[in-house]
Amino acid sequence: MVVALIIACEVGFWVLLALGLGARYLLKWRRTGVVLLLCEPVLELVLFAVTAWDLKNGAEPGWEHGLAALYIGYTVAYGHYTIRWLDGHAAHRLGGAPPPVKPPRYGRARAAHEGRLWLRTLLGAAVACALLQGAVWYVGDDGDVSSLRAFQWAAIRVLGIHGAVALGYLIWPKKAPAGTPEAAAERRKQEAHR
């Protein structure tokens, strides 16, 4: 049941997103679009409630409960970011707005961008680990919580891998190819510091 609900929440996320952006930009119903987009967090609350209810009714903690916690953590951390990114593209394609600003590709600006994304991953991992720890305490000594602990370690591993990637951009910043505006801006910045 929890797995089906996770799938339904993911499908519901994209359906609500498409309906919200469609209402906002195609039908010009801005308030309706905003209301539909604000319904997104309700999906996570339903998933959380059903997962807790499943455990309360004596379900053995399993991988589906861990996956639900990871899904909720990811959505808390990256849901708004994804909606904002897609809203910018929909505004450009459907609403006549200028194209959204692309993330930086080179140098310290890219490292800062990757660092901000890592902070989102930190938030997602913290939410997932907190939910999983709450489930461990809730189940207590009455059940096997090894799968919940395994998902906590999975969240921590993802956080560590993403942190290593973000740190790599900071230690070894990618240089802009010669002749690009980014390379010219970097050269001017270096000359100004001399």
# chains A, B, ... in the order shown; residues from 1 in each chain; ligands from 1

call {"tool": "residues_around", "arguments": {"residues": "Gly115 of chain A", "least_positions_apart": "3", "cutoff": "9 Å", "atoms": "only C-alpha atoms", "output": "PyMOL selection string"}}
result
chain A and resi 110-112+118-120+163+166-167+169-170

call {"tool": "select_by_dssp", "arguments": {"residues": "segment 54-168 of chain A", "states": "helix (DSSP H, G or I)", "output": "JSON list (two decimals) with N, CA and C atoms, in the first residue's frame"}}
result
[["chain", "number", "residue", "atom", "x", "y", "z"],
["A", 54, "ASP", "N", 0.30, 3.00, 8.76],
["A", 54, "ASP", "CA", 0.70, 1.63, 8.42],
["A", 54, "ASP", "C", 1.55, 1.03, 9.53],
["A", 55, "LEU", "N", 2.51, 1.80, 10.04],
["A", 55, "LEU", "CA", 3.35, 1.31, 11.14],
["A", 55, "LEU", "C", 2.53, 1.14, 12.42],
["A", 56, "LYS", "N", 1.61, 2.04, 12.67],
["A", 56, "LYS", "CA", 0.77, 1.97, 13.87],
["A", 56, "LYS", "C", -0.08, 0.71, 13.88],
["A", 63, "TRP", "N", 11.40, -1.69, 3.50],
["A", 63, "TRP", "CA", 12.04, -0.75, 2.57],
["A", 63, "TRP", "C", 11.06, 0.31, 2.08],
["A", 64, "GLU", "N", 9.76, -0.04, 2.01],
["A", 64, "GLU", "CA", 8.79, 0.94, 1.53],
["A", 64, "GLU", "C", 8.64, 2.11, 2.49],
["A", 65, "HIS", "N", 8.79, 1.86, 3.78],
["A", 65, "HIS", "CA", 8.72, 2.95, 4.77],
["A", 65, "HIS", "C", 9.96, 3.84, 4.66],
["A", 66, "GLY", "N", 11.10, 3.21, 4.43],
["A", 66, "GLY", "CA", 12.33, 3.98, 4.22],
["A", 66, "GLY", "C", 12.27, 4.81, 2.95],
["A", 67, "LEU", "N", 11.73, 4.21, 1.89],
["A", 67, "LEU", "CA", 11.60, 4.93, 0.63],
["A", 67, "LEU", "C", 10.64, 6.11, 0.78],
["A", 68, "ALA", "N", 9.58, 5.94, 1.55],
["A", 68, "ALA", "CA", 8.64, 7.04, 1.78],
["A", 68, "ALA", "C", 9.35, 8.20, 2.48],
["A", 69, "ALA", "N", 10.18, 7.89, 3.47],
["A", 69, "ALA", "CA", 10.92, 8.95, 4.18],
["A", 69, "ALA", "C", 11.89, 9.67, 3.25],
["A", 70, "LEU", "N", 12.60, 8.91, 2.40],
["A", 70, "LEU", "CA", 13.51, 9.54, 1.45],
["A", 70, "LEU", "C", 12.75, 10.41, 0.45],
["A", 71, "TYR", "N", 11.60, 9.93, 0.00],
["A", 71, "TYR", "CA", 10.79, 10.70, -0.95],
["A", 71, "TYR", "C", 10.33, 12.01, -0.32],
["A", 72, "ILE", "N", 9.86, 11.95, 0.92],
["A", 72, "ILE", "CA", 9.41, 13.16, 1.59],
["A", 72, "ILE", "C", 10.58, 14.12, 1.79],
["A", 73, "GLY", "N", 11.74, 13.60, 2.20],
["A", 73, "GLY", "CA", 12.92, 14.45, 2.37],
["A", 73, "GLY", "C", 13.33, 15.12, 1.06],
["A", 74, "TYR", "N", 13.32, 14.36, -0.01],
["A", 74, "TYR", "CA", 13.69, 14.93, -1.31],
["A", 74, "TYR", "C", 12.70, 16.01, -1.72],
["A", 75, "THR", "N", 11.42, 15.75, -1.53],
["A", 75, "THR", "CA", 10.40, 16.71, -1.93],
["A", 75, "THR", "C", 10.47, 17.99, -1.10],
["A", 76, "VAL", "N", 10.74, 17.84, 0.19],
["A", 76, "VAL", "CA", 10.88, 19.04, 1.04],
["A", 76, "VAL", "C", 12.06, 19.88, 0.56],
["A", 77, "ALA", "N", 13.17, 19.23, 0.22],
["A", 77, "ALA", "CA", 14.37, 19.96, -0.16],
["A", 77, "ALA", "C", 14.33, 20.48, -1.60],
["A", 78, "TYR", "N", 13.84, 19.68, -2.53],
["A", 78, "TYR", "CA", 13.93, 20.04, -3.94],
["A", 78, "TYR", "C", 12.58, 20.34, -4.61],
["A", 79, "GLY", "N", 11.47, 20.15, -3.92],
["A", 79, "GLY", "CA", 10.17, 20.38, -4.52],
["A", 79, "GLY", "C", 9.97, 21.81, -4.97],
["A", 80, "HIS", "N", 10.21, 22.77, -4.09],
["A", 80, "HIS", "CA", 10.02, 24.19, -4.43],
["A", 80, "HIS", "C", 11.01, 24.61, -5.53],
["A", 81, "TYR", "N", 12.22, 24.11, -5.44],
["A", 81, "TYR", "CA", 13.25, 24.41, -6.44],
["A", 81, "TYR", "C", 12.79, 23.93, -7.82],
["A", 82, "THR", "N", 12.25, 22.72, -7.88],
["A", 82, "THR", "CA", 11.78, 22.16, -9.14],
["A", 82, "THR", "C", 10.60, 22.96, -9.68],
["A", 83, "ILE", "N", 9.67, 23.30, -8.80],
["A", 83, "ILE", "CA", 8.51, 24.08, -9.23],
["A", 83, "ILE", "C", 8.94, 25.44, -9.76],
["A", 84, "ARG", "N", 9.86, 26.09, -9.05],
["A", 84, "ARG", "CA", 10.34, 27.42, -9.49],
["A", 84, "ARG", "C", 11.05, 27.32, -10.84],
["A", 85, "TRP", "N", 11.85, 26.27, -11.01],
["A", 85, "TRP", "CA", 12.58, 26.08, -12.27],
["A", 85, "TRP", "C", 11.60, 25.87, -13.42],
["A", 86, "LEU", "N", 10.61, 24.99, -13.22],
["A", 86, "LEU", "CA", 9.63, 24.74, -14.27],
["A", 86, "LEU", "C", 8.73, 25.96, -14.50],
["A", 87, "ASP", "N", 8.42, 26.70, -13.45],
["A", 87, "ASP", "CA", 7.61, 27.91, -13.59],
["A", 87, "ASP", "C", 8.34, 28.93, -14.46],
["A", 88, "GLY", "N", 9.64, 29.07, -14.28],
["A", 88, "GLY", "CA", 10.42, 29.99, -15.11],
["A", 88, "GLY", "C", 10.40, 29.58, -16.57],
["A", 89, "HIS", "N", 10.51, 28.29, -16.83],
["A", 89, "HIS", "CA", 10.47, 27.82, -18.22],
["A", 89, "HIS", "C", 9.07, 27.95, -18.82],
["A", 90, "ALA", "N", 8.03, 27.67, -18.02],
["A", 90, "ALA", "CA", 6.66, 27.84, -18.51],
["A", 90, "ALA", "C", 6.36, 29.30, -18.77],
["A", 91, "ALA", "N", 6.82, 30.19, -17.89],
["A", 91, "ALA", "CA", 6.61, 31.62, -18.10],
["A", 91, "ALA", "C", 7.26, 32.08, -19.39],
["A", 92, "HIS", "N", 8.42, 31.52, -19.71],
["A", 92, "HIS", "CA", 9.12, 31.89, -20.94],
["A", 92, "HIS", "C", 8.41, 31.32, -22.17],
["A", 93, "ARG", "N", 8.10, 30.05, -22.13],
["A", 93, "ARG", "CA", 7.51, 29.39, -23.30],
["A", 93, "ARG", "C", 6.04, 29.76, -23.52],
["A", 94, "LEU", "N", 5.30, 29.87, -22.43],
["A", 94, "LEU", "CA", 3.85, 30.07, -22.56],
["A", 94, "LEU", "C", 3.39, 31.48, -22.23],
["A", 95, "GLY", "N", 4.19, 32.20, -21.44],
["A", 95, "GLY", "CA", 3.76, 33.52, -20.99],
["A", 95, "GLY", "C", 4.51, 34.69, -21.57],
["A", 107, "GLY", "N", 33.94, 28.19, -12.91],
["A", 107, "GLY", "CA", 34.57, 28.94, -11.84],
["A", 107, "GLY", "C", 33.89, 28.88, -10.48],
["A", 108, "ARG", "N", 34.16, 29.92, -9.70],
["A", 108, "ARG", "CA", 33.62, 30.00, -8.33],
["A", 108, "ARG", "C", 32.10, 30.09, -8.31],
["A", 109, "ALA", "N", 31.54, 30.72, -9.33],
["A", 109, "ALA", "CA", 30.08, 30.82, -9.38],
["A", 109, "ALA", "C", 29.45, 29.43, -9.47],
["A", 110, "ARG", "N", 30.07, 28.54, -10.24],
["A", 110, "ARG", "CA", 29.57, 27.17, -10.34],
["A", 110, "ARG", "C", 29.74, 26.45, -9.01],
["A", 111, "ALA", "N", 30.87, 26.68, -8.35],
["A", 111, "ALA", "CA", 31.12, 26.06, -7.05],
["A", 111, "ALA", "C", 30.08, 26.53, -6.04],
["A", 112, "ALA", "N", 29.74, 27.82, -6.06],
["A", 112, "ALA", "CA", 28.72, 28.35, -5.14],
["A", 112, "ALA", "C", 27.36, 27.74, -5.44],
["A", 113, "HIS", "N", 27.04, 27.58, -6.72],
["A", 113, "HIS", "CA", 25.77, 26.95, -7.11],
["A", 113, "HIS", "C", 25.71, 25.50, -6.61],
["A", 114, "GLU", "N", 26.78, 24.77, -6.81],
["A", 114, "GLU", "CA", 26.82, 23.38, -6.34],
["A", 114, "GLU", "C", 26.74, 23.32, -4.82],
["A", 115, "GLY", "N", 27.34, 24.28, -4.14],
["A", 115, "GLY", "CA", 27.24, 24.34, -2.68],
["A", 115, "GLY", "C", 25.81, 24.56, -2.22],
["A", 116, "ARG", "N", 25.09, 25.44, -2.92],
["A", 116, "ARG", "CA", 23.67, 25.67, -2.58],
["A", 116, "ARG", "C", 22.84, 24.42, -2.82],
["A", 117, "LEU", "N", 23.12, 23.70, -3.91],
["A", 117, "LEU", "CA", 22.40, 22.45, -4.15],
["A", 117, "LEU", "C", 22.73, 21.42, -3.07],
["A", 118, "TRP", "N", 23.98, 21.40, -2.63],
["A", 118, "TRP", "CA", 24.35, 20.46, -1.57],
["A", 118, "TRP", "C", 23.61, 20.79, -0.28],
["A", 119, "LEU", "N", 23.40, 22.07, 0.00],
["A", 119, "LEU", "CA", 22.63, 22.45, 1.19],
["A", 119, "LEU", "C", 21.20, 21.93, 1.09],
["A", 120, "ARG", "N", 20.64, 21.91, -0.12],
["A", 120, "ARG", "CA", 19.32, 21.31, -0.31],
["A", 120, "ARG", "C", 19.37, 19.81, -0.02],
["A", 121, "THR", "N", 20.42, 19.16, -0.48],
["A", 121, "THR", "CA", 20.56, 17.74, -0.22],
["A", 121, "THR", "C", 20.72, 17.49, 1.27],
["A", 122, "LEU", "N", 21.44, 18.37, 1.96],
["A", 122, "LEU", "CA", 21.58, 18.28, 3.41],
["A", 122, "LEU", "C", 20.21, 18.36, 4.08],
["A", 123, "LEU", "N", 19.39, 19.31, 3.65],
["A", 123, "LEU", "CA", 18.04, 19.44, 4.20],
["A", 123, "LEU", "C", 17.23, 18.18, 3.95],
["A", 124, "GLY", "N", 17.28, 17.66, 2.72],
["A", 124, "GLY", "CA", 16.53, 16.45, 2.39],
["A", 124, "GLY", "C", 16.98, 15.26, 3.22],
["A", 125, "ALA", "N", 18.29, 15.11, 3.38],
["A", 125, "ALA", "CA", 18.82, 13.99, 4.18],
["A", 125, "ALA", "C", 18.44, 14.15, 5.64],
["A", 126, "ALA", "N", 18.47, 15.38, 6.14],
["A", 126, "ALA", "CA", 18.10, 15.62, 7.54],
["A", 126, "ALA", "C", 16.63, 15.29, 7.78],
["A", 127, "VAL", "N", 15.77, 15.71, 6.87],
["A", 127, "VAL", "CA", 14.34, 15.40, 7.00],
["A", 127, "VAL", "C", 14.12, 13.89, 6.95],
["A", 128, "ALA", "N", 14.73, 13.23, 5.97],
["A", 128, "ALA", "CA", 14.57, 11.78, 5.84],
["A", 128, "ALA", "C", 15.08, 11.05, 7.07],
["A", 129, "CYS", "N", 16.27, 11.43, 7.55],
["A", 129, "CYS", "CA", 16.84, 10.77, 8.73],
["A", 129, "CYS", "C", 15.99, 11.02, 9.97],
["A", 130, "ALA", "N", 15.45, 12.23, 10.10],
["A", 130, "ALA", "CA", 14.59, 12.52, 11.25],
["A", 130, "ALA", "C", 13.30, 11.70, 11.20],
["A", 131, "LEU", "N", 12.69, 11.60, 10.02],
["A", 131, "LEU", "CA", 11.49, 10.77, 9.89],
["A", 131, "LEU", "C", 11.79, 9.30, 10.17],
["A", 132, "LEU", "N", 12.91, 8.84, 9.65],
["A", 132, "LEU", "CA", 13.29, 7.44, 9.89],
["A", 132, "LEU", "C", 13.60, 7.20, 11.36],
["A", 133, "GLN", "N", 14.26, 8.16, 12.02],
["A", 133, "GLN", "CA", 14.54, 8.00, 13.45],
["A", 133, "GLN", "C", 13.24, 8.00, 14.24],
["A", 134, "GLY", "N", 12.30, 8.85, 13.86],
["A", 134, "GLY", "CA", 10.99, 8.84, 14.51],
["A", 134, "GLY", "C", 10.30, 7.50, 14.35],
["A", 135, "ALA", "N", 10.43, 6.90, 13.18],
["A", 135, "ALA", "CA", 9.84, 5.58, 12.95],
["A", 135, "ALA", "C", 10.54, 4.52, 13.80],
["A", 136, "VAL", "N", 11.87, 4.63, 13.93],
["A", 136, "VAL", "CA", 12.61, 3.67, 14.77],
["A", 136, "VAL", "C", 12.13, 3.77, 16.21],
["A", 137, "TRP", "N", 11.99, 4.99, 16.72],
["A", 137, "TRP", "CA", 11.51, 5.16, 18.09],
["A", 137, "TRP", "C", 10.08, 4.68, 18.24],
["A", 138, "TYR", "N", 9.28, 4.92, 17.22],
["A", 138, "TYR", "CA", 7.88, 4.53, 17.26],
["A", 138, "TYR", "C", 7.73, 3.01, 17.31],
["A", 139, "VAL", "N", 8.52, 2.33, 16.50],
["A", 139, "VAL", "CA", 8.46, 0.86, 16.47],
["A", 139, "VAL", "C", 9.08, 0.30, 17.74],
["A", 140, "GLY", "N", 10.16, 0.92, 18.20],
["A", 140, "GLY", "CA", 10.82, 0.49, 19.44],
["A", 140, "GLY", "C", 11.44, -0.89, 19.32],
["A", 141, "ASP", "N", 11.45, -1.59, 20.41],
["A", 141, "ASP", "CA", 12.06, -2.91, 20.45],
["A", 141, "ASP", "C", 11.13, -4.01, 19.93],
["A", 142, "ASP", "N", 9.92, -3.63, 19.54],
["A", 142, "ASP", "CA", 8.93, -4.62, 19.12],
["A", 142, "ASP", "C", 9.16, -5.14, 17.71],
["A", 146, "SER", "N", 16.03, -2.68, 11.08],
["A", 146, "SER", "CA", 17.28, -2.65, 10.30],
["A", 146, "SER", "C", 17.07, -1.99, 8.94],
["A", 147, "SER", "N", 15.91, -2.18, 8.31],
["A", 147, "SER", "CA", 15.70, -1.54, 7.01],
["A", 147, "SER", "C", 15.61, -0.03, 7.16],
["A", 148, "LEU", "N", 15.02, 0.44, 8.26],
["A", 148, "LEU", "CA", 14.95, 1.89, 8.49],
["A", 148, "LEU", "C", 16.34, 2.46, 8.71],
["A", 149, "ARG", "N", 17.16, 1.75, 9.48],
["A", 149, "ARG", "CA", 18.56, 2.18, 9.69],
["A", 149, "ARG", "C", 19.33, 2.18, 8.37],
["A", 150, "ALA", "N", 19.08, 1.19, 7.51],
["A", 150, "ALA", "CA", 19.77, 1.12, 6.22],
["A", 150, "ALA", "C", 19.42, 2.34, 5.36],
["A", 151, "PHE", "N", 18.19, 2.79, 5.43],
["A", 151, "PHE", "CA", 17.81, 3.97, 4.65],
["A", 151, "PHE", "C", 18.41, 5.24, 5.25],
["A", 152, "GLN", "N", 18.60, 5.26, 6.56],
["A", 152, "GLN", "CA", 19.31, 6.41, 7.14],
["A", 152, "GLN", "C", 20.73, 6.48, 6.60],
["A", 153, "TRP", "N", 21.40, 5.33, 6.54],
["A", 153, "TRP", "CA", 22.76, 5.31, 6.01],
["A", 153, "TRP", "C", 22.78, 5.64, 4.53],
["A", 154, "ALA", "N", 21.74, 5.24, 3.80],
["A", 154, "ALA", "CA", 21.67, 5.59, 2.38],
["A", 154, "ALA", "C", 21.58, 7.10, 2.21],
["A", 155, "ALA", "N", 20.76, 7.75, 3.03],
["A", 155, "ALA", "CA", 20.64, 9.22, 2.96],
["A", 155, "ALA", "C", 21.97, 9.88, 3.29],
["A", 156, "ILE", "N", 22.67, 9.36, 4.26],
["A", 156, "ILE", "CA", 23.97, 9.92, 4.65],
["A", 156, "ILE", "C", 25.00, 9.71, 3.54],
["A", 157, "ARG", "N", 24.97, 8.54, 2.90],
["A", 157, "ARG", "CA", 25.90, 8.28, 1.79],
["A", 157, "ARG", "C", 25.65, 9.22, 0.62],
["A", 158, "VAL", "N", 24.37, 9.42, 0.26],
["A", 158, "VAL", "CA", 24.04, 10.35, -0.82],
["A", 158, "VAL", "C", 24.54, 11.75, -0.48],
["A", 159, "LEU", "N", 24.34, 12.15, 0.77],
["A", 159, "LEU", "CA", 24.82, 13.46, 1.21],
["A", 159, "LEU", "C", 26.34, 13.56, 1.08],
["A", 160, "GLY", "N", 27.05, 12.51, 1.46],
["A", 160, "GLY", "CA", 28.52, 12.51, 1.35],
["A", 160, "GLY", "C", 29.00, 12.55, -0.09],
["A", 161, "ILE", "N", 28.36, 11.78, -0.96],
["A", 161, "ILE", "CA", 28.76, 11.76, -2.38],
["A", 161, "ILE", "C", 28.50, 13.13, -3.01],
["A", 162, "HIS", "N", 27.32, 13.69, -2.74],
["A", 162, "HIS", "CA", 27.02, 15.01, -3.30],
["A", 162, "HIS", "C", 27.97, 16.06, -2.72],
["A", 163, "GLY", "N", 28.32, 15.93, -1.46],
["A", 163, "GLY", "CA", 29.28, 16.84, -0.85],
["A", 163, "GLY", "C", 30.65, 16.75, -1.51],
["A", 164, "ALA", "N", 31.08, 15.53, -1.84],
["A", 164, "ALA", "CA", 32.37, 15.36, -2.51],
["A", 164, "ALA", "C", 32.35, 16.01, -3.90],
["A", 165, "VAL", "N", 31.23, 15.87, -4.60],
["A", 165, "VAL", "CA", 31.11, 16.49, -5.93],
["A", 165, "VAL", "C", 31.15, 18.01, -5.80],
["A", 166, "ALA", "N", 30.38, 18.55, -4.86],
["A", 166, "ALA", "CA", 30.37, 20.01, -4.66],
["A", 166, "ALA", "C", 31.74, 20.52, -4.25],
["A", 167, "LEU", "N", 32.42, 19.78, -3.38],
["A", 167, "LEU", "CA", 33.76, 20.17, -2.95],
["A", 167, "LEU", "C", 34.74, 20.12, -4.12],
["A", 168, "GLY", "N", 34.54, 19.16, -5.02],
["A", 168, "GLY", "CA", 35.39, 19.08, -6.21],
["A", 168, "GLY", "C", 35.29, 20.33, -7.07]]

call {"tool": "atom_distance", "arguments": {"atom1": "atom CA of Tyr25 of chain A", "atom2": "atom CA of Pro100 of chain A"}}
result
15.4 Å

call {"tool": "residues_around", "arguments": {"residues": "segment 28-38 of chain A", "least_positions_apart": "4", "cutoff": "7 Å", "atoms": "only C-alpha atoms", "output": "PyMOL selection string"}}
result
chain A and resi 16-17+20-21+23-24

call {"tool": "atom_distance", "arguments": {"atom1": "atom CA of Ile7 of chain A", "atom2": "atom CA of Phe48 of chain A"}}
result
13.6 Å

call {"tool": "closest_atom_pairs", "arguments": {"of": "segment 32-145 of chain A", "to": "segment 176-191 of chain A", "cutoff": "10 Å", "atoms": "only C-alpha atoms", "output": "JSON lines"}}
result
{"residue": "A:Pro104", "atom": "CA", "partner": "A:Glu182", "partner_atom": "CA", "distance": 9.3}
{"residue": "A:Arg105", "atom": "CA", "partner": "A:Ala176", "partner_atom": "CA", "distance": 7.9}
{"residue": "A:Tyr106", "atom": "CA", "partner": "A:Ala176", "partner_atom": "CA", "distance": 5.6}
{"residue": "A:Gly107", "atom": "CA", "partner": "A:Ala176", "partner_atom": "CA", "distance": 7.4}

call {"tool": "write_last_selection", "arguments": {"atoms": "all heavy atoms", "output": "short mmCIF file (atom, residue, chain, number, x, y, z; two decimals), in the first residue's frame"}}
result
data_model
loop_
_atom_site.label_atom_id
_atom_site.label_comp_id
_atom_site.auth_asym_id
_atom_site.auth_seq_id
_atom_site.Cartn_x
_atom_site.Cartn_y
_atom_site.Cartn_z
N PRO A 104 25.29 28.98 -13.39
CA PRO A 104 26.66 29.18 -13.88
C PRO A 104 27.32 27.84 -14.20
O PRO A 104 27.03 26.83 -13.58
CB PRO A 104 27.36 29.89 -12.73
CG PRO A 104 26.52 29.66 -11.54
CD PRO A 104 25.13 29.40 -12.01
N ARG A 105 28.21 27.88 -15.19
CA ARG A 105 28.87 26.64 -15.61
C ARG A 105 30.35 26.58 -15.23
O ARG A 105 30.93 25.50 -15.27
CB ARG A 105 28.74 26.47 -17.11
CG ARG A 105 27.30 26.35 -17.54
CD ARG A 105 27.13 25.98 -18.98
NE ARG A 105 27.87 26.87 -19.88
CZ ARG A 105 28.01 26.65 -21.17
NH1 ARG A 105 27.48 25.60 -21.72
NH2 ARG A 105 28.67 27.50 -21.92
N TYR A 106 30.92 27.71 -14.86
CA TYR A 106 32.36 27.73 -14.65
C TYR A 106 32.73 28.47 -13.38
O TYR A 106 31.98 29.30 -12.87
CB TYR A 106 33.06 28.43 -15.83
CG TYR A 106 32.68 27.85 -17.17
CD1 TYR A 106 31.85 28.55 -18.04
CD2 TYR A 106 33.14 26.60 -17.55
CE1 TYR A 106 31.49 28.02 -19.26
CE2 TYR A 106 32.78 26.05 -18.78
CZ TYR A 106 31.96 26.77 -19.62
OH TYR A 106 31.60 26.24 -20.83
N GLY A 107 33.94 28.19 -12.91
CA GLY A 107 34.57 28.94 -11.84
C GLY A 107 33.89 28.88 -10.48
O GLY A 107 33.18 27.94 -10.15
#

call {"tool": "atom_distance", "arguments": {"atom1": "atom CA of Val50 of chain A", "atom2": "atom CA of Val2 of chain A"}}
result
7.3 Å
